[in-house]
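Okay, protein.cif is below, mmCIF, N, CA and C atoms:
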```cif
data_data
loop_
_atom_site.group_PDB
_atom_site.id
_atom_site.type_symbol
_atom_site.label_atom_id
_atom_site.label_comp_id
_atom_site.auth_asym_id
_atom_site.auth_seq_id
_atom_site.Cartn_x
_atom_site.Cartn_y
_atom_site.Cartn_z
ATOM 1 N N MET Z 22 13.286 1.472 4.204
ATOM 2 C CA MET Z 22 11.884 1.130 4.377
ATOM 3 C C MET Z 22 11.795 0.047 5.453
ATOM 4 N N ASN Z 23 10.861 0.214 6.353
ATOM 5 C CA ASN Z 23 10.717 -0.694 7.477
ATOM 6 C C ASN Z 23 9.348 -1.369 7.400
ATOM 7 N N LEU Z 24 9.305 -2.648 7.081
ATOM 8 C CA LEU Z 24 8.057 -3.372 6.839
ATOM 9 C C LEU Z 24 7.504 -3.972 8.123
ATOM 10 N N THR Z 25 6.198 -3.705 8.351
ATOM 11 C CA THR Z 25 5.455 -4.346 9.423
ATOM 12 C C THR Z 25 4.163 -4.862 8.824
ATOM 13 N N LEU Z 26 3.854 -6.143 9.027
ATOM 14 C CA LEU Z 26 2.585 -6.705 8.568
ATOM 15 C C LEU Z 26 1.631 -6.774 9.748
ATOM 16 N N ARG Z 27 0.384 -6.360 9.495
ATOM 17 C CA ARG Z 27 -0.623 -6.455 10.549
ATOM 18 C C ARG Z 27 -1.974 -6.794 9.943
ATOM 19 N N ASN Z 28 -2.891 -7.191 10.806
ATOM 20 C CA ASN Z 28 -4.217 -7.645 10.396
ATOM 21 C C ASN Z 28 -5.316 -6.936 11.176
ATOM 22 N N ASP Z 29 -5.131 -5.695 11.538
ATOM 23 C CA ASP Z 29 -6.059 -4.971 12.403
ATOM 24 C C ASP Z 29 -7.425 -4.706 11.772
ATOM 25 N N TYR Z 30 -7.489 -4.655 10.448
ATOM 26 C CA TYR Z 30 -8.727 -4.253 9.761
ATOM 27 C C TYR Z 30 -9.403 -5.399 9.015
ATOM 28 N N GLY Z 31 -9.038 -6.632 9.307
ATOM 29 C CA GLY Z 31 -9.668 -7.772 8.660
ATOM 30 C C GLY Z 31 -8.994 -8.196 7.369
ATOM 31 N N CYS Z 32 -7.852 -7.599 7.068
ATOM 32 C CA CYS Z 32 -7.063 -7.976 5.897
ATOM 33 C C CYS Z 32 -5.595 -7.759 6.245
ATOM 34 N N THR Z 33 -4.729 -8.200 5.349
ATOM 35 C CA THR Z 33 -3.303 -7.959 5.559
ATOM 36 C C THR Z 33 -2.981 -6.540 5.151
ATOM 37 N N GLU Z 34 -2.368 -5.807 6.053
ATOM 38 C CA GLU Z 34 -1.909 -4.453 5.779
ATOM 39 C C GLU Z 34 -0.395 -4.449 5.949
ATOM 40 N N ALA Z 35 0.302 -4.005 4.925
ATOM 41 C CA ALA Z 35 1.752 -3.881 4.990
ATOM 42 C C ALA Z 35 2.082 -2.427 5.289
ATOM 43 N N VAL Z 36 2.561 -2.175 6.481
ATOM 44 C CA VAL Z 36 2.936 -0.820 6.874
ATOM 45 C C VAL Z 36 4.388 -0.626 6.439
ATOM 46 N N MET Z 37 4.562 0.278 5.496
ATOM 47 C CA MET Z 37 5.883 0.511 4.920
ATOM 48 C C MET Z 37 6.699 1.486 5.772
ATOM 49 N N GLU Z 38 6.051 2.529 6.269
ATOM 50 C CA GLU Z 38 6.704 3.503 7.149
ATOM 51 C C GLU Z 38 5.647 4.088 8.067
ATOM 52 N N GLU Z 39 5.967 4.171 9.344
ATOM 53 C CA GLU Z 39 5.057 4.769 10.313
ATOM 54 C C GLU Z 39 5.501 6.191 10.630
ATOM 55 N N TYR Z 40 4.547 7.028 10.980
ATOM 56 C CA TYR Z 40 4.821 8.379 11.466
ATOM 57 C C TYR Z 40 5.786 9.132 10.547
ATOM 58 N N CYS Z 41 5.378 9.276 9.301
ATOM 59 C CA CYS Z 41 6.225 9.930 8.305
ATOM 60 C C CYS Z 41 5.409 10.977 7.561
ATOM 61 N N GLY Z 42 6.057 11.715 6.715
ATOM 62 C CA GLY Z 42 5.393 12.743 5.934
ATOM 63 C C GLY Z 42 4.951 12.229 4.574
ATOM 64 N N PHE Z 43 4.264 13.106 3.853
ATOM 65 C CA PHE Z 43 3.742 12.747 2.542
ATOM 66 C C PHE Z 43 4.854 12.391 1.565
ATOM 67 N N GLU Z 44 6.054 12.930 1.770
ATOM 68 C CA GLU Z 44 7.162 12.618 0.858
ATOM 69 C C GLU Z 44 7.489 11.128 0.873
ATOM 70 N N SER Z 45 7.288 10.442 1.989
ATOM 71 C CA SER Z 45 7.497 8.989 2.044
ATOM 72 C C SER Z 45 6.452 8.262 1.216
ATOM 73 N N PHE Z 46 5.210 8.747 1.258
ATOM 74 C CA PHE Z 46 4.156 8.182 0.420
ATOM 75 C C PHE Z 46 4.523 8.350 -1.052
ATOM 76 N N GLN Z 47 4.935 9.558 -1.422
ATOM 77 C CA GLN Z 47 5.282 9.833 -2.822
ATOM 78 C C GLN Z 47 6.474 8.982 -3.270
ATOM 79 N N ARG Z 48 7.443 8.795 -2.410
ATOM 80 C CA ARG Z 48 8.605 7.962 -2.728
ATOM 81 C C ARG Z 48 8.171 6.516 -2.966
ATOM 82 N N THR Z 49 7.260 6.002 -2.143
ATOM 83 C CA THR Z 49 6.749 4.647 -2.318
ATOM 84 C C THR Z 49 5.958 4.533 -3.613
ATOM 85 N N ALA Z 50 5.124 5.521 -3.896
ATOM 86 C CA ALA Z 50 4.354 5.525 -5.148
ATOM 87 C C ALA Z 50 5.277 5.540 -6.357
ATOM 88 N N ASP Z 51 6.341 6.335 -6.289
ATOM 89 C CA ASP Z 51 7.304 6.393 -7.392
ATOM 90 C C ASP Z 51 7.997 5.051 -7.585
ATOM 91 N N MET Z 52 8.352 4.381 -6.491
ATOM 92 C CA MET Z 52 8.983 3.058 -6.596
ATOM 93 C C MET Z 52 8.035 2.048 -7.227
ATOM 94 N N LEU Z 53 6.765 2.093 -6.817
ATOM 95 C CA LEU Z 53 5.784 1.173 -7.403
ATOM 96 C C LEU Z 53 5.665 1.392 -8.907
ATOM 97 N N ALA Z 54 5.618 2.646 -9.310
ATOM 98 C CA ALA Z 54 5.491 2.962 -10.736
ATOM 99 C C ALA Z 54 6.758 2.594 -11.505
ATOM 100 N N ASP Z 55 7.907 2.934 -10.960
ATOM 101 C CA ASP Z 55 9.169 2.730 -11.673
ATOM 102 C C ASP Z 55 9.639 1.279 -11.680
ATOM 103 N N LYS Z 56 9.599 0.625 -10.541
ATOM 104 C CA LYS Z 56 10.162 -0.724 -10.413
ATOM 105 C C LYS Z 56 9.176 -1.843 -10.745
ATOM 106 N N PHE Z 57 7.875 -1.558 -10.598
ATOM 107 C CA PHE Z 57 6.870 -2.604 -10.797
ATOM 108 C C PHE Z 57 5.869 -2.270 -11.901
ATOM 109 N N ASN Z 58 6.127 -1.160 -12.596
ATOM 110 C CA ASN Z 58 5.281 -0.734 -13.718
ATOM 111 C C ASN Z 58 3.808 -0.597 -13.321
ATOM 112 N N ILE Z 59 3.579 -0.075 -12.143
ATOM 113 C CA ILE Z 59 2.217 0.082 -11.622
ATOM 114 C C ILE Z 59 1.652 1.437 -12.042
ATOM 115 N N THR Z 60 0.397 1.403 -12.466
ATOM 116 C CA THR Z 60 -0.352 2.609 -12.806
ATOM 117 C C THR Z 60 -1.463 2.763 -11.779
ATOM 118 N N PHE Z 61 -1.587 3.936 -11.233
ATOM 119 C CA PHE Z 61 -2.631 4.189 -10.236
ATOM 120 C C PHE Z 61 -3.933 4.514 -10.960
ATOM 121 N N THR Z 62 -4.988 3.780 -10.612
ATOM 122 C CA THR Z 62 -6.258 3.868 -11.332
ATOM 123 C C THR Z 62 -7.240 4.845 -10.721
ATOM 124 N N HIS Z 63 -7.109 5.105 -9.451
ATOM 125 C CA HIS Z 63 -8.032 6.019 -8.776
ATOM 126 C C HIS Z 63 -7.277 6.660 -7.618
ATOM 127 N N LYS Z 64 -7.375 7.980 -7.505
ATOM 128 C CA LYS Z 64 -6.681 8.704 -6.444
ATOM 129 C C LYS Z 64 -7.679 9.528 -5.650
ATOM 130 N N LEU Z 65 -7.655 9.351 -4.341
ATOM 131 C CA LEU Z 65 -8.544 10.083 -3.447
ATOM 132 C C LEU Z 65 -7.690 10.754 -2.377
ATOM 133 N N HIS Z 66 -7.872 12.059 -2.210
ATOM 134 C CA HIS Z 66 -7.097 12.835 -1.234
ATOM 135 C C HIS Z 66 -8.050 13.625 -0.344
ATOM 136 N N ASP Z 67 -7.685 13.747 0.913
ATOM 137 C CA ASP Z 67 -8.296 14.760 1.765
ATOM 138 C C ASP Z 67 -7.183 15.347 2.630
ATOM 139 N N SER Z 68 -7.503 16.098 3.617
ATOM 140 C CA SER Z 68 -6.471 16.816 4.362
ATOM 141 C C SER Z 68 -5.561 15.911 5.185
ATOM 142 N N GLU Z 69 -6.026 14.734 5.574
ATOM 143 C CA GLU Z 69 -5.230 13.851 6.429
ATOM 144 C C GLU Z 69 -4.898 12.507 5.806
ATOM 145 N N THR Z 70 -5.630 12.119 4.763
ATOM 146 C CA THR Z 70 -5.520 10.762 4.234
ATOM 147 C C THR Z 70 -5.511 10.767 2.714
ATOM 148 N N THR Z 71 -4.733 9.836 2.145
ATOM 149 C CA THR Z 71 -4.672 9.658 0.696
ATOM 150 C C THR Z 71 -4.798 8.172 0.390
ATOM 151 N N TYR Z 72 -5.614 7.836 -0.607
ATOM 152 C CA TYR Z 72 -5.772 6.467 -1.084
ATOM 153 C C TYR Z 72 -5.516 6.455 -2.587
ATOM 154 N N TRP Z 73 -4.577 5.636 -3.046
ATOM 155 C CA TRP Z 73 -4.345 5.456 -4.477
ATOM 156 C C TRP Z 73 -4.502 3.975 -4.793
ATOM 157 N N ASN Z 74 -5.474 3.652 -5.633
ATOM 158 C CA ASN Z 74 -5.731 2.271 -6.012
ATOM 159 C C ASN Z 74 -4.887 1.868 -7.214
ATOM 160 N N PHE Z 75 -4.540 0.590 -7.271
ATOM 161 C CA PHE Z 75 -3.745 0.050 -8.371
ATOM 162 C C PHE Z 75 -3.926 -1.452 -8.428
ATOM 163 N N GLN Z 76 -3.431 -2.061 -9.493
ATOM 164 C CA GLN Z 76 -3.461 -3.517 -9.622
ATOM 165 C C GLN Z 76 -2.043 -4.062 -9.597
ATOM 166 N N PHE Z 77 -1.880 -5.170 -8.896
ATOM 167 C CA PHE Z 77 -0.607 -5.881 -8.840
ATOM 168 C C PHE Z 77 -0.907 -7.348 -9.047
ATOM 169 N N ARG Z 78 -0.379 -7.904 -10.150
ATOM 170 C CA ARG Z 78 -0.621 -9.305 -10.507
ATOM 171 C C ARG Z 78 -2.109 -9.634 -10.539
ATOM 172 N N GLY Z 79 -2.903 -8.698 -11.032
ATOM 173 C CA GLY Z 79 -4.345 -8.900 -11.172
ATOM 174 C C GLY Z 79 -5.152 -8.666 -9.909
ATOM 175 N N HIS Z 80 -4.518 -8.251 -8.838
ATOM 176 C CA HIS Z 80 -5.212 -8.012 -7.569
ATOM 177 C C HIS Z 80 -5.330 -6.513 -7.320
ATOM 178 N N LYS Z 81 -6.491 -6.077 -6.885
ATOM 179 C CA LYS Z 81 -6.754 -4.669 -6.622
ATOM 180 C C LYS Z 81 -6.272 -4.319 -5.215
ATOM 181 N N LEU Z 82 -5.279 -3.427 -5.176
ATOM 182 C CA LEU Z 82 -4.683 -3.018 -3.910
ATOM 183 C C LEU Z 82 -4.753 -1.505 -3.764
ATOM 184 N N THR Z 83 -4.469 -1.033 -2.558
ATOM 185 C CA THR Z 83 -4.494 0.398 -2.265
ATOM 186 C C THR Z 83 -3.209 0.802 -1.566
ATOM 187 N N LEU Z 84 -2.612 1.871 -2.071
ATOM 188 C CA LEU Z 84 -1.512 2.530 -1.374
ATOM 189 C C LEU Z 84 -2.147 3.626 -0.534
ATOM 190 N N HIS Z 85 -1.865 3.641 0.746
ATOM 191 C CA HIS Z 85 -2.550 4.521 1.689
ATOM 192 C C HIS Z 85 -1.546 5.378 2.447
ATOM 193 N N PHE Z 86 -1.927 6.626 2.681
ATOM 194 C CA PHE Z 86 -1.138 7.514 3.548
ATOM 195 C C PHE Z 86 -2.082 8.197 4.521
ATOM 196 N N ASN Z 87 -1.653 8.258 5.771
ATOM 197 C CA ASN Z 87 -2.373 9.004 6.793
ATOM 198 C C ASN Z 87 -1.344 9.728 7.645
ATOM 199 N N ILE Z 88 -1.602 10.986 7.967
ATOM 200 C CA ILE Z 88 -0.611 11.776 8.698
ATOM 201 C C ILE Z 88 -0.312 11.200 10.086
ATOM 202 N N PHE Z 89 -1.219 10.402 10.625
ATOM 203 C CA PHE Z 89 -1.019 9.821 11.946
ATOM 204 C C PHE Z 89 -0.417 8.422 11.899
ATOM 205 N N ASN Z 90 -0.652 7.682 10.781
ATOM 206 C CA ASN Z 90 -0.250 6.275 10.708
ATOM 207 C C ASN Z 90 0.840 5.964 9.696
ATOM 208 N N GLY Z 91 1.100 6.851 8.751
ATOM 209 C CA GLY Z 91 2.160 6.620 7.784
ATOM 210 C C GLY Z 91 1.669 6.016 6.475
ATOM 211 N N VAL Z 92 2.554 5.219 5.849
ATOM 212 C CA VAL Z 92 2.321 4.657 4.517
ATOM 213 C C VAL Z 92 2.068 3.159 4.626
ATOM 214 N N SER Z 93 1.014 2.683 3.966
ATOM 215 C CA SER Z 93 0.730 1.249 3.979
ATOM 216 C C SER Z 93 0.083 0.815 2.668
ATOM 217 N N ILE Z 94 0.054 -0.495 2.472
ATOM 218 C CA ILE Z 94 -0.589 -1.116 1.312
ATOM 219 C C ILE Z 94 -1.530 -2.183 1.850
ATOM 220 N N PHE Z 95 -2.741 -2.239 1.294
ATOM 221 C CA PHE Z 95 -3.705 -3.260 1.686
ATOM 222 C C PHE Z 95 -4.646 -3.538 0.520
ATOM 223 N N PRO Z 96 -5.405 -4.653 0.564
ATOM 224 C CA PRO Z 96 -6.364 -4.938 -0.504
ATOM 225 C C PRO Z 96 -7.436 -3.858 -0.575
ATOM 226 N N GLU Z 97 -7.858 -3.541 -1.788
ATOM 227 C CA GLU Z 97 -8.875 -2.508 -1.997
ATOM 228 C C GLU Z 97 -10.154 -2.830 -1.234
ATOM 229 N N GLN Z 98 -10.576 -4.078 -1.254
ATOM 230 C CA GLN Z 98 -11.768 -4.518 -0.519
ATOM 231 C C GLN Z 98 -11.311 -5.183 0.771
ATOM 232 N N CYS Z 99 -10.851 -4.391 1.678
ATOM 233 C CA CYS Z 99 -10.128 -4.878 2.853
ATOM 234 C C CYS Z 99 -10.861 -5.989 3.611
ATOM 235 N N LYS Z 100 -12.045 -5.719 4.088
ATOM 236 C CA LYS Z 100 -12.737 -6.699 4.935
ATOM 237 C C LYS Z 100 -13.181 -7.944 4.184
ATOM 238 N N SER Z 101 -13.367 -7.829 2.874
ATOM 239 C CA SER Z 101 -13.783 -8.996 2.091
ATOM 240 C C SER Z 101 -12.655 -9.518 1.203
ATOM 241 N N ALA Z 102 -11.420 -9.194 1.541
ATOM 242 C CA ALA Z 102 -10.273 -9.607 0.732
ATOM 243 C C ALA Z 102 -10.089 -11.123 0.781
ATOM 244 N N ALA Z 103 -9.785 -11.673 -0.376
ATOM 245 C CA ALA Z 103 -9.486 -13.103 -0.479
ATOM 246 C C ALA Z 103 -8.045 -13.347 -0.050
ATOM 247 N N LYS Z 104 -7.722 -14.577 0.268
ATOM 248 C CA LYS Z 104 -6.359 -14.929 0.672
ATOM 249 C C LYS Z 104 -5.344 -14.526 -0.389
ATOM 250 N N LYS Z 105 -5.697 -14.695 -1.668
ATOM 251 C CA LYS Z 105 -4.779 -14.338 -2.750
ATOM 252 C C LYS Z 105 -4.446 -12.844 -2.741
ATOM 253 N N GLU Z 106 -5.422 -12.016 -2.415
ATOM 254 C CA GLU Z 106 -5.182 -10.568 -2.340
ATOM 255 C C GLU Z 106 -4.265 -10.234 -1.157
ATOM 256 N N ASN Z 107 -4.502 -10.874 -0.028
ATOM 257 C CA ASN Z 107 -3.637 -10.668 1.138
ATOM 258 C C ASN Z 107 -2.221 -11.145 0.848
ATOM 259 N N ASP Z 108 -2.093 -12.263 0.135
ATOM 260 C CA ASP Z 108 -0.773 -12.770 -0.245
ATOM 261 C C ASP Z 108 -0.077 -11.795 -1.201
ATOM 262 N N ALA Z 109 -0.846 -11.183 -2.105
ATOM 263 C CA ALA Z 109 -0.269 -10.210 -3.039
ATOM 264 C C ALA Z 109 0.291 -9.005 -2.293
ATOM 265 N N VAL Z 110 -0.382 -8.572 -1.244
ATOM 266 C CA VAL Z 110 0.110 -7.466 -0.412
ATOM 267 C C VAL Z 110 1.452 -7.849 0.201
ATOM 268 N N MET Z 111 1.533 -9.045 0.761
ATOM 269 C CA MET Z 111 2.778 -9.485 1.384
ATOM 270 C C MET Z 111 3.898 -9.606 0.353
ATOM 271 N N ASP Z 112 3.593 -10.181 -0.810
ATOM 272 C CA ASP Z 112 4.608 -10.325 -1.853
ATOM 273 C C ASP Z 112 5.131 -8.974 -2.316
ATOM 274 N N LEU Z 113 4.234 -8.029 -2.559
ATOM 275 C CA LEU Z 113 4.643 -6.705 -3.013
ATOM 276 C C LEU Z 113 5.447 -5.973 -1.947
ATOM 277 N N ALA Z 114 5.006 -6.045 -0.719
ATOM 278 C CA ALA Z 114 5.705 -5.366 0.370
ATOM 279 C C ALA Z 114 7.117 -5.914 0.533
ATOM 280 N N ARG Z 115 7.251 -7.207 0.472
ATOM 281 C CA ARG Z 115 8.589 -7.804 0.593
ATOM 282 C C ARG Z 115 9.468 -7.402 -0.584
ATOM 283 N N ALA Z 116 8.896 -7.376 -1.783
ATOM 284 C CA ALA Z 116 9.652 -6.956 -2.964
ATOM 285 C C ALA Z 116 10.094 -5.495 -2.833
ATOM 286 N N LEU Z 117 9.241 -4.651 -2.282
ATOM 287 C CA LEU Z 117 9.593 -3.240 -2.095
ATOM 288 C C LEU Z 117 10.762 -3.076 -1.124
ATOM 289 N N THR Z 118 10.834 -3.926 -0.114
ATOM 290 C CA THR Z 118 11.931 -3.808 0.838
ATOM 291 C C THR Z 118 13.262 -4.241 0.224
ATOM 292 N N MET Z 119 13.212 -4.963 -0.885
ATOM 293 C CA MET Z 119 14.431 -5.420 -1.556
ATOM 294 C C MET Z 119 14.963 -4.378 -2.547
ATOM 295 N N VAL Z 120 14.124 -3.396 -2.896
ATOM 296 C CA VAL Z 120 14.506 -2.401 -3.898
ATOM 297 C C VAL Z 120 15.453 -1.389 -3.312
#
```

Taking this structure as input, can you express it in the form of structure tokens?
Amino acid sequence: MNLTLRNDYGCTEAVMEEYCGFESFQRTADMLADKFNITFTHKLHDSETTYWNFQFRGHKLTLHFNIFNGVSIFPEQCKSAAKKENDAVMDLARALTMV
């Protein structure tokens, strides 16, 4: 897993893998569920993009997949995310790279 942090959308986005297939998204989702006991609360799919919402340490985050951009994690309320939510994204992303 190759972690890149960026702030292009007004919040911290942890890009876990760029230019990858859906299997990378599924592998990341499985790691979140298995290693961090995360349950996905809402799942939205379309032909190019997938959003799965979940909570991590009380913060609402989103696991995202796009066929053009890859797999990333960001706060559910991206543009209005609090610093604590952005910090939770960074903490989770770093923990995922250690797994």

Centre and size of axis-aligned box enclosing segment 99-109 of chain Z plus 6 Å each side, as AutoDock Vina command-line options:
```
--center_x -6.7 --center_y -9.7 --center_z 0.9 --size_x 26.1 --size_y 22.5 --size_z 20.0
```

Record the distance separating atom N of Gly31 of chain Z and atom N of Lys81 of chain Z, expressed in Å with one decimal.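 Taking atom N of Gly31 of chain Z and atom N of Lys81 of chain Z, their separation equals 16.4 Å.
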
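Using only C-alpha atoms for every distance, the candidate list Z:Ala114, Z:Ala103, Z:Ala109, Z:Leu84 yields Z:Ala114 as the residue closest to Thr25 of chain Z.
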
Near segment 38-49 of chain Z, within 6.5 Å and counting only N, CA and C atoms, which residues show up once chain neighbours fewer than 2 positions away are dropped, as a list in words? Met22, Asn23, Leu24, Ala35, Val36, Asp51, Met52, Leu53, Ala54, Phe86, Ile88, Phe89, Asn90, Gly91, Val92 and Ser93 of chain Z

Spatial neighbours of His63 of chain Z, 10 Å, only C-alpha atoms, chain gap at least 5 places, as a list in words: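 Returned residues: Tyr72, Trp73, Asn74, Phe75 and Thr83 of chain Z.
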
Expected residue set, 6 Å radius at (12.2, -0.1, -5.2), all atoms listed in the file, as a ChimeraX atom specification: /Z:52,56,117,119-120

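Here atom CA of Asn107 of chain Z and atom N of Thr33 of chain Z stand 5.0 Å from one another.
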
Atom C of Pro96 of chain Z to atom CA of Cys32 of chain Z measures 7.7 Å

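Nearest to Met111 of chain Z of all the residues Z:Leu26, Z:Met37, Z:Lys64, Z:Gln98 is Z:Leu26, counting only N, CA and C atoms.
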
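Residue nearest Phe95 of chain Z within the list Z:Ala116, Z:Val110, Z:Leu65, Z:Ala50: Z:Val110 [criterion: smallest interatomic distance, only N, CA and C atoms].
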
Just asking: which residues within chain Z are strand (DSSP E or B) according to DSSP, as a ChimeraX atom specification? /Z:25-27,34-38,61-66,70-77,80-87,91-96

Backbone-only DSSP, helix (DSSP H, G or I) members of chain Z, as a ChimeraX atom specification: /Z:43-57,99-101,104-119

Select segment 22-45 of chain Z in the preceding structure and write C-alpha atoms to a file as a PDB file, in the first residue's frame.
```
ATOM      1  CA  MET Z  22       0.000   0.000   0.000  1.00  0.00           C
ATOM      2  CA  ASN Z  23       1.373   3.381  -0.991  1.00  0.00           C
ATOM      3  CA  LEU Z  24       0.083   6.302   1.119  1.00  0.00           C
ATOM      4  CA  THR Z  25      -0.245   9.832  -0.233  1.00  0.00           C
ATOM      5  CA  LEU Z  26      -1.934  12.590   1.787  1.00  0.00           C
ATOM      6  CA  ARG Z  27      -3.519  15.481  -0.057  1.00  0.00           C
ATOM      7  CA  ASN Z  28      -5.883  18.372   0.582  1.00  0.00           C
ATOM      8  CA  ASP Z  29      -7.375  18.998  -2.876  1.00  0.00           C
ATOM      9  CA  TYR Z  30     -11.030  18.923  -1.755  1.00  0.00           C
ATOM     10  CA  GLY Z  31     -10.891  21.011   1.423  1.00  0.00           C
ATOM     11  CA  CYS Z  32     -10.177  18.076   3.732  1.00  0.00           C
ATOM     12  CA  THR Z  33      -7.459  15.515   4.281  1.00  0.00           C
ATOM     13  CA  GLU Z  34      -7.681  12.698   1.770  1.00  0.00           C
ATOM     14  CA  ALA Z  35      -5.485   9.646   2.236  1.00  0.00           C
ATOM     15  CA  VAL Z  36      -4.864   8.070  -1.147  1.00  0.00           C
ATOM     16  CA  MET Z  37      -4.101   4.434  -0.461  1.00  0.00           C
ATOM     17  CA  GLU Z  38      -3.561   3.303  -4.070  1.00  0.00           C
ATOM     18  CA  GLU Z  39      -3.763   5.217  -7.329  1.00  0.00           C
ATOM     19  CA  TYR Z  40      -4.819   3.846 -10.708  1.00  0.00           C
ATOM     20  CA  CYS Z  41      -5.931   0.443  -9.462  1.00  0.00           C
ATOM     21  CA  GLY Z  42      -8.877  -1.879  -9.854  1.00  0.00           C
ATOM     22  CA  PHE Z  43     -11.835  -2.563  -7.615  1.00  0.00           C
ATOM     23  CA  GLU Z  44      -9.989  -5.509  -6.046  1.00  0.00           C
ATOM     24  CA  SER Z  45      -7.686  -2.999  -4.288  1.00  0.00           C
TER      25      SER Z  45
END
```
